$ cat final.pdb   # PDB, C-alpha atoms, pLDDT in the B column
ATOM      1  CA  MET A   2     115.793 -79.371 205.487  1.00 87.00           C
ATOM      2  CA  ILE A   3     114.387 -78.604 208.933  1.00 89.00           C
ATOM      3  CA  PRO A   4     116.102 -75.347 210.040  1.00 91.00           C
ATOM      4  CA  LEU A   5     114.538 -75.226 213.501  1.00 90.00           C
ATOM      5  CA  ILE A   6     112.337 -77.364 215.687  1.00 87.00           C
ATOM      6  CA  LEU A   7     111.765 -76.707 219.377  1.00 84.00           C
ATOM      7  CA  PRO A   8     109.449 -78.014 222.099  1.00 84.00           C
ATOM      8  CA  ALA A   9     106.946 -75.437 223.292  1.00 83.00           C
ATOM      9  CA  VAL A  10     104.893 -75.174 226.460  1.00 82.00           C
ATOM     10  CA  HIS A  11     102.186 -73.111 224.755  1.00 83.00           C
ATOM     11  CA  LYS A  12     100.944 -73.184 221.166  1.00 85.00           C
ATOM     12  CA  ASN A  13     100.457 -69.475 220.478  1.00 91.00           C
ATOM     13  CA  SER A  14     101.464 -66.651 218.145  1.00 92.00           C
ATOM     14  CA  ASP A  15     104.164 -65.328 220.511  1.00 92.00           C
ATOM     15  CA  THR A  16     106.004 -68.645 220.319  1.00 92.00           C
ATOM     16  CA  SER A  17     105.617 -68.812 216.537  1.00 93.00           C
ATOM     17  CA  ALA A  18     106.745 -65.221 215.985  1.00 95.00           C
ATOM     18  CA  GLY A  19     109.786 -65.727 218.195  1.00 94.00           C
ATOM     19  CA  ALA A  20     110.837 -68.891 216.367  1.00 94.00           C
ATOM     20  CA  LEU A  21     110.301 -67.312 212.942  1.00 96.00           C
ATOM     21  CA  GLU A  22     112.284 -64.193 213.776  1.00 96.00           C
ATOM     22  CA  ALA A  23     115.157 -66.299 215.123  1.00 95.00           C
ATOM     23  CA  MET A  24     115.303 -68.198 211.813  1.00 95.00           C
ATOM     24  CA  PHE A  25     115.023 -65.014 209.748  1.00 96.00           C
ATOM     25  CA  LYS A  26     117.974 -63.493 211.595  1.00 96.00           C
ATOM     26  CA  GLN A  27     120.101 -66.621 211.339  1.00 94.00           C
ATOM     27  CA  TYR A  28     119.306 -67.767 207.802  1.00 94.00           C
ATOM     28  CA  GLY A  29     117.609 -64.809 206.136  1.00 95.00           C
ATOM     29  CA  ALA A  30     113.882 -64.455 205.469  1.00 96.00           C
ATOM     30  CA  PRO A  31     112.208 -66.517 202.721  1.00 96.00           C
ATOM     31  CA  LEU A  32     110.064 -65.107 199.923  1.00 97.00           C
ATOM     32  CA  VAL A  33     107.007 -67.031 201.125  1.00 96.00           C
ATOM     33  CA  ALA A  34     105.903 -68.427 204.480  1.00 95.00           C
ATOM     34  CA  LYS A  35     103.445 -71.321 204.126  1.00 91.00           C
ATOM     35  CA  MET A  36     101.146 -71.788 207.119  1.00 89.00           C
ATOM     36  CA  ASP A  37      97.709 -72.989 208.081  1.00 86.00           C
ATOM     37  CA  ASN A  38      94.910 -70.952 209.635  1.00 84.00           C
ATOM     38  CA  GLY A  39      95.707 -71.807 213.249  1.00 86.00           C
ATOM     39  CA  SER A  40      95.719 -69.176 215.980  1.00 89.00           C
ATOM     40  CA  GLU A  41      99.481 -69.659 216.418  1.00 91.00           C
ATOM     41  CA  PHE A  42      99.990 -67.879 213.084  1.00 92.00           C
ATOM     42  CA  LYS A  43      97.906 -64.845 213.958  1.00 92.00           C
ATOM     43  CA  GLY A  44      98.743 -62.121 216.483  1.00 91.00           C
ATOM     44  CA  ASP A  45     102.332 -60.937 215.961  1.00 93.00           C
ATOM     45  CA  VAL A  46     103.105 -63.231 213.030  1.00 96.00           C
ATOM     46  CA  PRO A  47     101.511 -61.171 210.181  1.00 95.00           C
ATOM     47  CA  GLU A  48     103.277 -58.040 211.444  1.00 95.00           C
ATOM     48  CA  LEU A  49     106.594 -59.895 211.569  1.00 97.00           C
ATOM     49  CA  LEU A  50     106.163 -61.180 208.010  1.00 97.00           C
ATOM     50  CA  GLY A  51     105.372 -57.672 206.824  1.00 96.00           C
ATOM     51  CA  GLN A  52     108.470 -56.330 208.552  1.00 96.00           C
ATOM     52  CA  TYR A  53     110.670 -58.806 206.675  1.00 97.00           C
ATOM     53  CA  LEU A  54     108.688 -58.509 203.389  1.00 97.00           C
ATOM     54  CA  VAL A  55     107.668 -62.170 203.497  1.00 97.00           C
ATOM     55  CA  VAL A  56     104.481 -63.068 201.607  1.00 97.00           C
ATOM     56  CA  PRO A  57     102.143 -65.329 203.654  1.00 95.00           C
ATOM     57  CA  LEU A  58     100.733 -68.394 201.896  1.00 93.00           C
ATOM     58  CA  LEU A  59      97.693 -69.594 203.846  1.00 88.00           C
ATOM     59  CA  SER A  60      96.294 -73.074 203.414  1.00 85.00           C
ATOM     60  CA  PRO A  61      92.632 -73.430 202.446  1.00 82.00           C
ATOM     61  CA  ALA A  62      90.409 -73.744 205.503  1.00 76.00           C
ATOM     62  CA  TYR A  63      89.398 -77.334 206.320  1.00 70.00           C
ATOM     63  CA  TRP A  64      91.607 -78.656 203.522  1.00 67.00           C
ATOM     64  CA  PRO A  65      94.385 -80.720 205.222  1.00 66.00           C
ATOM     65  CA  GLN A  66      95.515 -82.195 201.880  1.00 68.00           C
ATOM     66  CA  TYR A  67      97.164 -78.837 201.161  1.00 70.00           C
ATOM     67  CA  ASN A  68      99.581 -79.487 204.040  1.00 68.00           C
ATOM     68  CA  GLY A  69     100.479 -82.992 202.899  1.00 66.00           C
ATOM     69  CA  SER A  70     104.232 -82.455 202.620  1.00 67.00           C
ATOM     70  CA  VAL A  71     104.394 -80.834 206.059  1.00 69.00           C
ATOM     71  CA  GLU A  72     102.371 -83.572 207.724  1.00 67.00           C
ATOM     72  CA  ALA A  73     104.385 -86.271 205.940  1.00 68.00           C
ATOM     73  CA  GLY A  74     107.614 -84.798 207.267  1.00 72.00           C
ATOM     74  CA  MET A  75     106.458 -85.092 210.867  1.00 79.00           C
ATOM     75  CA  GLY A  76     106.114 -88.875 210.664  1.00 80.00           C
ATOM     76  CA  PRO A  77     109.837 -89.669 210.196  1.00 84.00           C
ATOM     77  CA  LEU A  78     110.758 -87.002 212.755  1.00 85.00           C
ATOM     78  CA  LYS A  79     108.559 -88.550 215.445  1.00 86.00           C
ATOM     79  CA  THR A  80     109.849 -92.031 214.611  1.00 88.00           C
ATOM     80  CA  LYS A  81     113.463 -90.944 215.015  1.00 90.00           C
ATOM     81  CA  MET A  82     112.638 -89.171 218.284  1.00 88.00           C
ATOM     82  CA  TYR A  83     110.977 -92.346 219.556  1.00 89.00           C
ATOM     83  CA  HIS A  84     113.989 -94.505 218.718  1.00 90.00           C
ATOM     84  CA  GLU A  85     116.423 -91.998 220.218  1.00 89.00           C
ATOM     85  CA  ALA A  86     114.445 -91.946 223.473  1.00 89.00           C
ATOM     86  CA  MET A  87     114.347 -95.759 223.479  1.00 89.00           C
ATOM     87  CA  ARG A  88     118.118 -95.871 222.948  1.00 88.00           C
ATOM     88  CA  HIS A  89     118.544 -93.911 226.188  1.00 86.00           C
ATOM     89  CA  GLY A  90     116.011 -95.976 228.127  1.00 87.00           C
ATOM     90  CA  ARG A  91     113.310 -93.270 228.116  1.00 85.00           C
ATOM     91  CA  SER A  92     110.432 -94.913 226.293  1.00 80.00           C
ATOM     92  CA  GLY A  93     107.554 -92.444 225.955  1.00 78.00           C
ATOM     93  CA  GLU A  94     109.588 -89.573 227.444  1.00 83.00           C
ATOM     94  CA  TRP A  95     111.116 -87.396 224.718  1.00 84.00           C
ATOM     95  CA  SER A  96     113.691 -84.766 225.553  1.00 87.00           C
ATOM     96  CA  SER A  97     114.948 -81.701 223.693  1.00 89.00           C
ATOM     97  CA  ASP A  98     118.105 -83.674 222.893  1.00 91.00           C
ATOM     98  CA  ASP A  99     116.018 -86.419 221.262  1.00 90.00           C
ATOM     99  CA  LEU A 100     114.254 -83.788 219.172  1.00 89.00           C
ATOM    100  CA  GLU A 101     117.492 -82.146 218.051  1.00 92.00           C
ATOM    101  CA  HIS A 102     119.125 -85.486 217.241  1.00 92.00           C
ATOM    102  CA  ALA A 103     116.142 -86.480 215.118  1.00 91.00           C
ATOM    103  CA  ARG A 104     116.357 -83.160 213.261  1.00 92.00           C
ATOM    104  CA  TRP A 105     120.084 -83.716 212.665  1.00 93.00           C
ATOM    105  CA  GLN A 106     119.469 -87.235 211.328  1.00 92.00           C
ATOM    106  CA  ILE A 107     116.889 -86.018 208.819  1.00 91.00           C
ATOM    107  CA  ASN A 108     119.005 -83.075 207.669  1.00 92.00           C
ATOM    108  CA  THR A 109     122.198 -85.098 207.170  1.00 91.00           C
ATOM    109  CA  ALA A 110     120.728 -88.250 205.614  1.00 89.00           C
ATOM    110  CA  PRO A 111     121.620 -88.611 201.885  1.00 88.00           C
ATOM    111  CA  ARG A 112     118.604 -88.463 199.560  1.00 84.00           C
ATOM    112  CA  PRO A 113     118.635 -90.252 196.175  1.00 82.00           C
ATOM    113  CA  VAL A 114     116.368 -87.600 194.687  1.00 78.00           C
ATOM    114  CA  LEU A 115     119.006 -84.944 195.472  1.00 80.00           C
ATOM    115  CA  VAL A 116     121.686 -86.996 193.713  1.00 78.00           C
ATOM    116  CA  ARG A 117     119.718 -86.756 190.465  1.00 76.00           C
ATOM    117  CA  ARG A 118     118.510 -83.195 190.890  1.00 76.00           C
ATOM    118  CA  PHE A 119     121.831 -81.590 191.856  1.00 77.00           C
ATOM    119  CA  ASN A 120     124.248 -84.080 190.266  1.00 79.00           C
ATOM    120  CA  LEU A 121     126.025 -84.751 193.567  1.00 77.00           C
ATOM    121  CA  PRO A 122     127.853 -87.828 194.890  1.00 79.00           C
ATOM    122  CA  ALA A 123     125.487 -90.035 196.879  1.00 76.00           C
ATOM    123  CA  GLY A 124     127.206 -89.346 200.196  1.00 76.00           C
ATOM    124  CA  LEU A 125     126.968 -85.569 199.789  1.00 79.00           C
ATOM    125  CA  ALA A 126     123.393 -85.291 198.593  1.00 85.00           C
ATOM    126  CA  THR A 127     121.930 -84.223 201.927  1.00 90.00           C
ATOM    127  CA  PRO A 128     119.285 -81.573 202.683  1.00 89.00           C
ATOM    128  CA  GLN A 129     121.764 -79.781 204.938  1.00 91.00           C
ATOM    129  CA  LEU A 130     124.380 -79.418 202.192  1.00 88.00           C
ATOM    130  CA  ILE A 131     121.816 -78.105 199.691  1.00 88.00           C
ATOM    131  CA  TRP A 132     120.579 -75.648 202.325  1.00 90.00           C
ATOM    132  CA  GLN A 133     124.099 -74.401 203.103  1.00 89.00           C
ATOM    133  CA  THR A 134     124.908 -73.783 199.438  1.00 88.00           C
ATOM    134  CA  ARG A 135     121.736 -71.821 198.688  1.00 89.00           C
ATOM    135  CA  LYS A 136     122.035 -68.253 197.448  1.00 90.00           C
ATOM    136  CA  PRO A 137     120.682 -65.533 199.769  1.00 91.00           C
ATOM    137  CA  ILE A 138     117.627 -63.627 198.585  1.00 95.00           C
ATOM    138  CA  THR A 139     118.462 -60.035 197.651  1.00 95.00           C
ATOM    139  CA  LYS A 140     116.240 -57.061 198.402  1.00 95.00           C
ATOM    140  CA  ASP A 141     115.697 -56.512 194.667  1.00 96.00           C
ATOM    141  CA  GLN A 142     114.531 -60.104 194.243  1.00 97.00           C
ATOM    142  CA  ARG A 143     112.161 -59.724 197.166  1.00 97.00           C
ATOM    143  CA  LEU A 144     110.636 -56.513 195.801  1.00 97.00           C
ATOM    144  CA  GLU A 145     110.373 -58.011 192.314  1.00 98.00           C
ATOM    145  CA  PHE A 146     108.539 -61.013 193.731  1.00 97.00           C
ATOM    146  CA  ILE A 147     106.055 -58.862 195.657  1.00 97.00           C
ATOM    147  CA  GLU A 148     105.405 -56.772 192.540  1.00 98.00           C
ATOM    148  CA  THR A 149     104.885 -59.921 190.442  1.00 98.00           C
ATOM    149  CA  VAL A 150     102.452 -61.322 193.017  1.00 97.00           C
ATOM    150  CA  ASN A 151     100.430 -58.106 192.777  1.00 97.00           C
ATOM    151  CA  VAL A 152     100.364 -58.306 188.974  1.00 97.00           C
ATOM    152  CA  LYS A 153      99.275 -61.939 189.047  1.00 96.00           C
ATOM    153  CA  ARG A 154      96.600 -61.105 191.608  1.00 95.00           C
ATOM    154  CA  GLU A 155      95.029 -58.682 189.150  1.00 94.00           C
ATOM    155  CA  GLU A 156      95.084 -61.398 186.474  1.00 94.00           C
ATOM    156  CA  VAL A 157      93.369 -63.922 188.732  1.00 92.00           C
ATOM    157  CA  MET A 158      90.791 -61.376 189.873  1.00 91.00           C
ATOM    158  CA  GLU A 159      89.902 -60.720 186.230  1.00 91.00           C
ATOM    159  CA  GLU A 160      89.466 -64.451 185.661  1.00 89.00           C
ATOM    160  CA  PHE A 161      87.096 -64.623 188.620  1.00 84.00           C
ATOM    161  CA  LYS A 162      85.053 -61.734 187.240  1.00 83.00           C
ATOM    162  CA  GLU A 163      84.931 -63.279 183.759  1.00 84.00           C
ATOM    163  CA  ALA A 164      83.683 -66.519 185.330  1.00 79.00           C
ATOM    164  CA  GLY A 165      80.901 -64.567 187.053  1.00 77.00           C
ATOM    165  CA  GLU A 166      82.163 -65.415 190.534  1.00 72.00           C
ATOM    166  CA  ASP A 167      81.375 -63.161 193.495  1.00 73.00           C
ATOM    167  CA  ILE A 168      84.551 -62.340 195.420  1.00 74.00           C
ATOM    168  CA  ASN A 169      84.089 -63.216 199.074  1.00 75.00           C
ATOM    169  CA  LYS A 170      86.636 -63.647 201.866  1.00 73.00           C
ATOM    170  CA  ARG A 171      87.321 -67.301 201.130  1.00 75.00           C
ATOM    171  CA  GLN A 172      87.742 -66.663 197.424  1.00 80.00           C
ATOM    172  CA  LEU A 173      90.168 -63.820 198.149  1.00 85.00           C
ATOM    173  CA  ALA A 174      92.340 -66.392 199.903  1.00 85.00           C
ATOM    174  CA  THR A 175      92.117 -68.590 196.790  1.00 87.00           C
ATOM    175  CA  VAL A 176      93.154 -65.616 194.668  1.00 91.00           C
ATOM    176  CA  ALA A 177      96.160 -65.023 196.926  1.00 92.00           C
ATOM    177  CA  ARG A 178      97.334 -68.650 196.700  1.00 92.00           C
ATOM    178  CA  GLU A 179      97.007 -68.742 192.914  1.00 93.00           C
ATOM    179  CA  SER A 180      98.766 -65.371 192.574  1.00 95.00           C
ATOM    180  CA  ILE A 181     101.740 -66.568 194.628  1.00 96.00           C
ATOM    181  CA  SER A 182     101.964 -69.800 192.644  1.00 94.00           C
ATOM    182  CA  ARG A 183     101.946 -67.967 189.315  1.00 95.00           C
ATOM    183  CA  ALA A 184     104.548 -65.465 190.528  1.00 97.00           C
ATOM    184  CA  LEU A 185     106.879 -68.256 191.629  1.00 96.00           C
ATOM    185  CA  VAL A 186     106.560 -69.916 188.219  1.00 95.00           C
ATOM    186  CA  ALA A 187     106.947 -66.642 186.306  1.00 96.00           C
ATOM    187  CA  LEU A 188     110.205 -65.785 188.084  1.00 96.00           C
ATOM    188  CA  GLY A 189     111.637 -69.286 187.766  1.00 93.00           C
ATOM    189  CA  TYR A 190     111.504 -70.152 191.456  1.00 93.00           C
ATOM    190  CA  LEU A 191     108.973 -72.922 190.887  1.00 88.00           C
ATOM    191  CA  LYS A 192     109.247 -75.335 187.973  1.00 81.00           C
ATOM    192  CA  VAL A 193     106.357 -77.535 186.919  1.00 74.00           C
ATOM    193  CA  ARG A 194     107.593 -80.576 185.037  1.00 66.00           C
ATOM    194  CA  ARG A 195     104.216 -82.090 184.310  1.00 63.00           C
ATOM    195  CA  LYS A 196     101.068 -80.514 183.001  1.00 57.00           C
ATOM    196  CA  ARG A 197      99.870 -77.982 185.529  1.00 53.00           C
ATOM    197  CA  ILE A 198      96.411 -78.596 186.968  1.00 52.00           C
ATOM    198  CA  THR A 199      94.790 -75.421 188.233  1.00 54.00           C
ATOM    199  CA  PRO A 200      92.159 -75.964 190.948  1.00 53.00           C
ATOM    200  CA  PRO A 201      88.664 -74.891 189.851  1.00 50.00           C
ATOM    201  CA  PHE A 202      87.542 -71.502 191.094  1.00 50.00           C
ATOM    202  CA  ASN A 203      83.905 -72.525 191.616  1.00 54.00           C
ATOM    203  CA  LEU A 204      83.873 -73.560 195.268  1.00 51.00           C
ATOM    204  CA  LYS A 205      80.231 -74.675 195.078  1.00 51.00           C
ATOM    205  CA  LYS A 206      81.133 -77.329 192.534  1.00 49.00           C
ATOM    206  CA  MET A 207      84.036 -78.367 194.743  1.00 46.00           C
ATOM    207  CA  GLY A 208      81.614 -78.911 197.628  1.00 46.00           C
ATOM    208  CA  ILE A 209      83.459 -76.467 199.868  1.00 45.00           C
ATOM    209  CA  ILE A 210      80.560 -74.047 200.146  1.00 48.00           C
ATOM    210  CA  ARG A 211      76.834 -74.414 199.564  1.00 47.00           C
TER     211      ARG A 211
END
$ encode --input "final.pdb" --output "structure tokens"
Amino acid sequence: MIPLILPAVHKNSDTSAGALEAMFKQYGAPLVAKMDNGSEFKGDVPELLGQYLVVPLLSPAYWPQYNGSVEAGMGPLKTKMYHEAMRHGRSGEWSSDDLEHARWQINTAPRPVLVRRFNLPAGLATPQLIWQTRKPITKDQRLEFIETVNVKREEVMEEFKEAGEDINKRQLATVARESISRALVALGYLKVRRKRITPPFNLKKMGIIR
């Protein structure tokens, strides 16, 4: 489900914060906000997330594979925008209407995977329907999640120390990502059907740092 997508003149934190706050007010704030390390997610964005008690989940620096699902979702969206513009005789010139129509197409298209997961008739298994029937996050759930993240962070920090790893800025980000993942699993918000593969903590062996 794509709740909001808008064209922007400038790629900056003011634009991002405004779009995020609009979604939070309309749909409610999520537990976690996944984002990369771009400048458009700095500035006012961390303050906004703190105001709504949303935990930021930052992607590893220079690790685009971590954003695979996000990047993959942009491909179909751009294709649908292209065809919508072509349908109106505006090849290469996309409008806001083309963008919104493409978003609507993606949100209302039935998905076979949703038929199996939610036991719905094929015609009703759309991202939009699943989104509309979701349960709102309560304040107690939000506070419980934040507390669980903090507990899991202590666990991961201990594992780093036992492995003899020095905790630097980049590794703190790794700790944060692992803590959020474990908290989501512990509270039943994230289910792992296959054997879970935890990324190695030693970044030198991974070739990320030297």
$ atom_distance --input "final.pdb" --atom1 "atom CA of Gly165 of chain A" --atom2 "atom CA of Lys153 of chain A"
18.7 Å
$ resolve_selection --input "final.pdb" --expression "the PyMOL selection byres ((chain A and resi 122-137) around 10)" --output "PyMOL selection string"
chain A and resi 2-4+28-31+105+107-121+138-140+142
$ atom_distance --input "final.pdb" --atom1 "atom CA of Val150 of chain A" --atom2 "atom CA of Lys43 of chain A"
21.7 Å
$ residues_around --input "final.pdb" --residues "Leu58 of chain A" --least-positions-apart "6" --cutoff "8 Å" --atoms "all atoms listed in the file" --output "PyMOL selection string"
chain A and resi 33-36+177-178+181
$ atom_distance --input "final.pdb" --atom1 "atom CA of Arg104 of chain A" --atom2 "atom CA of Met24 of chain A"
15.1 Å
$ resolve_selection --input "final.pdb" --expression "the PyMOL selection byres ((chain A and resi 152) around 12)" --output "list in words"
Glu145, Phe146, Ile147, Glu148, Thr149, Val150, Asn151, Lys153, Arg154, Glu155, Glu156, Val157, Met158, Glu159, Val176, Ala177, Glu179, Ser180, Ile181, Arg183, Ala184 and Ala187 of chain A
$ residues_around --input "final.pdb" --residues "Asn38 of chain A" --least-positions-apart "3" --cutoff "7 Å" --atoms "all atoms listed in the file" --output "ChimeraX atom specification"
/A:42,59-60,62
$ write_last_selection --input "final.pdb" --atoms "C-alpha atoms" --output "PDB file, keeping the file's coordinate frame"
ATOM      1  CA  PHE A  42      99.990 -67.879 213.084  1.00 92.00           C
ATOM      2  CA  LEU A  59      97.693 -69.594 203.846  1.00 88.00           C
ATOM      3  CA  SER A  60      96.294 -73.074 203.414  1.00 85.00           C
ATOM      4  CA  ALA A  62      90.409 -73.744 205.503  1.00 76.00           C
TER       5      ALA A  62
END
$ build_atoms --input "final.pdb" --residues "segment 177-192 of chain A" --atoms "N, CA and C atoms" --output "short mmCIF file (atom, residue, chain, number, x, y, z; two decimals), in the coordinates of the input"
data_model
loop_
_atom_site.label_atom_id
_atom_site.label_comp_id
_atom_site.auth_asym_id
_atom_site.auth_seq_id
_atom_site.Cartn_x
_atom_site.Cartn_y
_atom_site.Cartn_z
N ALA A 177 94.81 -65.24 196.40
CA ALA A 177 96.16 -65.02 196.93
C ALA A 177 97.05 -66.23 196.67
N ARG A 178 96.53 -67.44 196.91
CA ARG A 178 97.33 -68.65 196.70
C ARG A 178 97.70 -68.81 195.23
N GLU A 179 96.74 -68.60 194.34
CA GLU A 179 97.01 -68.74 192.91
C GLU A 179 97.98 -67.67 192.43
N SER A 180 97.88 -66.47 192.96
CA SER A 180 98.77 -65.37 192.57
C SER A 180 100.21 -65.69 192.96
N ILE A 181 100.40 -66.22 194.17
CA ILE A 181 101.74 -66.57 194.63
C ILE A 181 102.32 -67.68 193.77
N SER A 182 101.50 -68.68 193.48
CA SER A 182 101.96 -69.80 192.64
C SER A 182 102.41 -69.32 191.27
N ARG A 183 101.61 -68.47 190.64
CA ARG A 183 101.95 -67.97 189.32
C ARG A 183 103.19 -67.09 189.35
N ALA A 184 103.37 -66.33 190.41
CA ALA A 184 104.55 -65.46 190.53
C ALA A 184 105.81 -66.31 190.67
N LEU A 185 105.73 -67.37 191.46
CA LEU A 185 106.88 -68.26 191.63
C LEU A 185 107.28 -68.90 190.30
N VAL A 186 106.28 -69.30 189.53
CA VAL A 186 106.56 -69.92 188.22
C VAL A 186 107.13 -68.87 187.26
N ALA A 187 106.53 -67.68 187.24
CA ALA A 187 106.95 -66.64 186.31
C ALA A 187 108.40 -66.22 186.52
N LEU A 188 108.84 -66.22 187.77
CA LEU A 188 110.20 -65.78 188.08
C LEU A 188 111.21 -66.94 188.12
N GLY A 189 110.74 -68.14 187.83
CA GLY A 189 111.64 -69.29 187.77
C GLY A 189 111.97 -69.92 189.09
N TYR A 190 111.25 -69.56 190.15
CA TYR A 190 111.50 -70.15 191.46
C TYR A 190 110.77 -71.48 191.63
N LEU A 191 109.75 -71.69 190.84
CA LEU A 191 108.97 -72.92 190.89
C LEU A 191 108.86 -73.47 189.48
N LYS A 192 109.30 -74.71 189.29
CA LYS A 192 109.25 -75.33 187.97
C LYS A 192 108.25 -76.48 188.00
#
